[in-house]
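> Handing you a structure now.
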Amino acid sequence: MKTAAPLHERVRSVTERIRERSAGPRGEYLQRAAQARHSTTARASLACTNLAHGFAAMDAPDKEKLRAPRWPNLAIVSSYNDMLSAHRPFERFPQLIKLAAREAGAVAQFAGGVPAMCDGVTQGQPGMELSLFSRDVIAMSTAIALTHNMFDSALYLGICDKIVPGLLMGALAFGHLPGIFVPGGPMPSGIPNKEKARVRQLFAEGKVGRDALLESEAQSYHSPGTCTFYGTANSNQVLMEVMGLHLPGAAFVPPDTSLRDVLTSAATKRAAAITALGNEYLPIASIVDERAIVNAIVALLATGGSTNHTLHVVAIARAAGMRVDWDDFADLSDIVPLLARIYPNGSADVNHFHAAGGTGFLIRELISSGLLHADTTTAMGKGLDAYAREPWLSDGALAWRAVPETSGDRDVLRPMHDPFGADGGLKVLRGNLGRAVIKTSAVQPQHRVVEAPAAVFDDQESVIAAYKAGALSRDCIVVVRFQGPRANGMPELHQLTPTLSSLQSKGHKVALITDGRMSGASGAVPAAIHLTPECLAGGMLGKVQDGDIVRLDSYAGTLEVKVPDATLHARSAPTPSLAGNEYGFGRELFATFRGVASDAATGAVSLFGKE
């Protein structure tokens, strides 16, 4: 086992400024969590009528245990549904958890379900406008599940894009409760990712039909388990692991396997052991601190993870009383090398990453280089070293062992001394258009600076129509405006990926600028996303006109329209036509969310009120 190096000065300084920036709200948060701690079981504070309601539906043995004040009661909060592949495996988990809880001298109750929508289903559809806000709904749903005050610890079953951040935000509202996150695992690998991307581009160019595209997609997404590309869902799993909220090595163990079942049972027993009733009390508020947040950012950068986490990590930190800024990401990106190439940053998927050494190898390399806080508190106790291991079955029993000294596939996962890139590939862009983020880990060096005339649109459907009409067969920077959280919920614009990729492959200089999101699978076309202020809030992107020369320079970190300031400010911003975004597919129910959402730089969150 490699030894931990002294903490890198940049990691230390970023952590310290988050701590200083957050001192007031973090202190208040921790005080609330401490005040909420129970000296006995949570349910002991309930009146007899309340408690009787709480265990009325339980089996007789569990009911008897819940009458007594000494048995810990574990909440199960799950995103199970049988439509979405990532969540289907959770169908079996409650029974596994209840059995393991009994073996541990505890009781487990299914406290509540949370909604789980799939961006893969809703891409380019009206429902995508609810996607980001579903994170906040999930946080509130988690709070409703836990608010019965029956529970001493919790198990959170979730895996995909908004589900894990929402569950964690909800869990942090109950900071005094211990909690462990329980993943479901990825589906087996389908057709190669390069082949999938190739067919998508051919379809965008009109060279293959819908039948060919559907067959390709069905061979990619083909069974229960998480989609295997490295988008937001699988970035979630890496972050939960490095934050110490999983059991070590749990992230990418396949569903419906003996090892996955044993890990789920072990997570249950661990959740029972860390309640306030025992000697290892580990409330989630003590795990998710500024060190854990910085560790999450470092792991995200080292793996080329999802740009959506420039929203989610900020929102998660805020739920725990901390203030994280995009500059924290950018400053860490300068010193964190890229150690993994997983599609869309490479051809491999997360199964290949896991086989090459996975999260344990990654964490060991980062600790040994001083890029992670190794002294964090985790669900396993003190220290992150426990996560530089991998789980296995030793005569049917769960055990952990050291990960291999060398990567199993250096095309997928590399050591610190031989990275794929010198930095994490996440930049903050600034200029007269505002602030934006860009992910460059999948962008070739020759495409990282683009200066071209603007082609301005108000939605992605108009971009695709212009492409099909031949109007974009040139160098251009595509501007898609009025896509921010207050305009229409900030949908992902992933539908544009094949179109823009096709233009770039034909030799055109092309980029995207938007106040919306691109995707957790942001790829080879440079995309300045999450632009703040958004157009609806007076952002300058709303004043860009067709033909204006725009320069995106990811090396210099600049984003500007080459129009004199006086001219730009004198222009009248167009009045967006948003009526079509306000009704249908449930969008009318989210008017309040749109009205109060914070900007992208503060997490695009509709919770917490004014601060």
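By convention here, the chains of the structure tokens are called A, B, ... in the order presented, each chain's residues are numbered starting at 1, and ligands are numbered starting at 1 in the order presented.
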Could you pull out all residues of range 63-233 of chain A with a DSSP call of strand (DSSP E or B) and give them as a ChimeraX atom specification?
/A:73-78,107-113,153-157,179-182,186,226
> Please identify the alpha helix (DSSP H) residues within range 25-268 of chain A (assignment by DSSP from backbone atoms) and present them as a ChimeraX atom specification.
/A:25-36,48-55,60-67,93-103,119-122,131-146,163-172,193-204,210-220,232-242,258-268
> Nearest to Ser85 in chain A: which of A:Pro188, A:Met140, A:Pro165, A:Ala171 is it, counting only C-alpha atoms?
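The closest residue to Ser85 in chain A is A:Pro188.
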> Between A:Lys506, A:Lys98, A:His222, A:Arg291, which residue has the minimum interatomic distance to His373 in chain A, considering only C-alpha atoms?
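Closest to His373 in chain A, using only C-alpha atoms: A:Arg291.
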> Could you list, as a list in words, every residue within 8 Å of range 409-412 of chain A, counting only C-alpha atoms and ignoring same-chain residues fewer than 3 positions away?
Ala340, Arg341, Ile342, Gly346, Ala348, His352, Phe353 and Ala356 of chain A
> What's the separation between CA of Thr40 in chain A and CA of Gly112 in chain A, in Å to one decimal place?
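Here the two named atoms are 23.1 Å from each other.
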> Of the candidates A:Pro89, A:Glu129, A:Arg435, A:Met240, which one gets nearest to Gly580 in chain A if we count only C-alpha atoms?
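Closest to Gly580 in chain A of all the choices is A:Glu129.
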> Between CA of Ala60 in chain A and CA of Gly113 in chain A, measure the distance and give it in Å to one decimal.
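Interatomic distance, CA of Ala60 in chain A to CA of Gly113 in chain A: 23.7 Å.
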> Set the distance at 10 Å and use only C-alpha atoms: which residues neighbour Met83 in chain A once local chain neighbours fewer than 2 positions away are removed? I'd like the list as a VMD selection string.
chain A and resid 80 to 81 85 to 88 116 to 118 224
> Between A:Ala573, A:Ala101, A:Val450, A:Leu132, which residue has the minimum interatomic distance to Asp161 in chain A, considering only C-alpha atoms?
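Checking each of A:Ala573, A:Ala101, A:Val450, A:Leu132 against Asp161 in chain A, counting only C-alpha atoms, the winner is A:Leu132.
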> Which residues are near Arg270 in chain A? Cut-off 12 Å, only C-alpha atoms, ignore same chain within fewer than 4 positions. Put them as a PyMOL selection string.
chain A and resi 72+74+97+100-101+103-106+153-155+178-182+245-248+263-266+274-275+278+280-282+378-381
> Using only C-alpha atoms, can you tell me which of A:Glu290, A:Glu28, A:Asp152, A:Asp553 comes closest to Arg430 in chain A?
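Looking at the shortest contact to Arg430 in chain A, the residue is A:Asp553.
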> List the spatial neighbours of Pro94 in chain A as a list of chain:residue names - criterion: any atom at most 10 Å away, only C-alpha atoms, same-chain residues fewer than 2 positions off excluded.
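Surrounding residues, per the criterion: A:Ile76, A:Val77, A:Ser78, A:Phe90, A:Glu91, A:Arg92, A:Leu96, A:Ile97, A:Lys98, A:Leu99, A:Ala100, A:Ala108, A:Gln109, A:Phe110, A:Leu155, A:Leu157, A:Thr264.
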> Identify which of the residues A:Arg43, A:Gln444, A:Thr376, A:Gly609 lies closest to Lys65 in chain A, counting only C-alpha atoms when measuring atom-to-atom distances.
A:Arg43
> Do a neighbour search on Arg389 in chain A at 6 Å with only C-alpha atoms, toss out local chain neighbours closer than 2 positions, and write the hits as a VMD selection string.
chain A and resid 360 387 401 to 403
> Mind dumping a table of every range 256-306 of chain A residue within 12 Å of range 511-521 of chain A, with the nearest atom pair and its distance in Å to one decimal, using only C-alpha atoms, sorted by chain and rising number, as JSON lines?

{"residue": "A:Leu300", "atom": "CA", "partner": "A:Gly520", "partner_atom": "CA", "distance": 11.6}
{"residue": "A:Gly304", "atom": "CA", "partner": "A:Ala521", "partner_atom": "CA", "distance": 9.9}
{"residue": "A:Gly305", "atom": "CA", "partner": "A:Gly520", "partner_atom": "CA", "distance": 7.4}
{"residue": "A:Ser306", "atom": "CA", "partner": "A:Gly520", "partner_atom": "CA", "distance": 4.2}
> Output N, CA and C atoms for every residue in that selection, as a short mmCIF file (atom, residue, chain, number, x, y, z; two decimals), in the first residue's frame.

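selection_5.cif, written as the output of this step:
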data_model
loop_
_atom_site.label_atom_id
_atom_site.label_comp_id
_atom_site.auth_asym_id
_atom_site.auth_seq_id
_atom_site.Cartn_x
_atom_site.Cartn_y
_atom_site.Cartn_z
N LEU A 300 -13.89 14.04 -9.26
CA LEU A 300 -14.62 14.41 -10.48
C LEU A 300 -13.65 14.84 -11.57
N GLY A 304 -12.62 13.05 -15.30
CA GLY A 304 -13.32 13.71 -16.41
C GLY A 304 -14.82 13.58 -16.28
N GLY A 305 -15.32 13.77 -15.06
CA GLY A 305 -16.73 13.53 -14.78
C GLY A 305 -17.67 14.59 -15.29
N SER A 306 -18.93 14.44 -14.92
CA SER A 306 -20.03 15.22 -15.48
C SER A 306 -19.99 16.70 -15.09
#
> Residues of range 430-450 of chain A that have any atom at most 6 Å from an atom of range 522-532 of chain A: could you tabulate them with the shortest-distance atom pair and the distance in Å to one decimal, using only C-alpha atoms, ordered by chain and increasing number, as CSV?

residue,atom,partner,partner_atom,distance
A:Gly434,CA,A:Thr532,CA,5.6
A:Arg435,CA,A:Thr532,CA,5.3
A:Ala436,CA,A:Leu531,CA,4.3
A:Val437,CA,A:Ile529,CA,5.6
A:Ile438,CA,A:Ala528,CA,5.0
A:Ala442,CA,A:Ala524,CA,5.0
A:Val443,CA,A:Ala524,CA,4.4
> Tell me, in Å to one decimal, how far CA of His309 in chain A is from CA of Met416 in chain A.
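Taking CA of His309 in chain A and CA of Met416 in chain A, their separation equals 23.2 Å.
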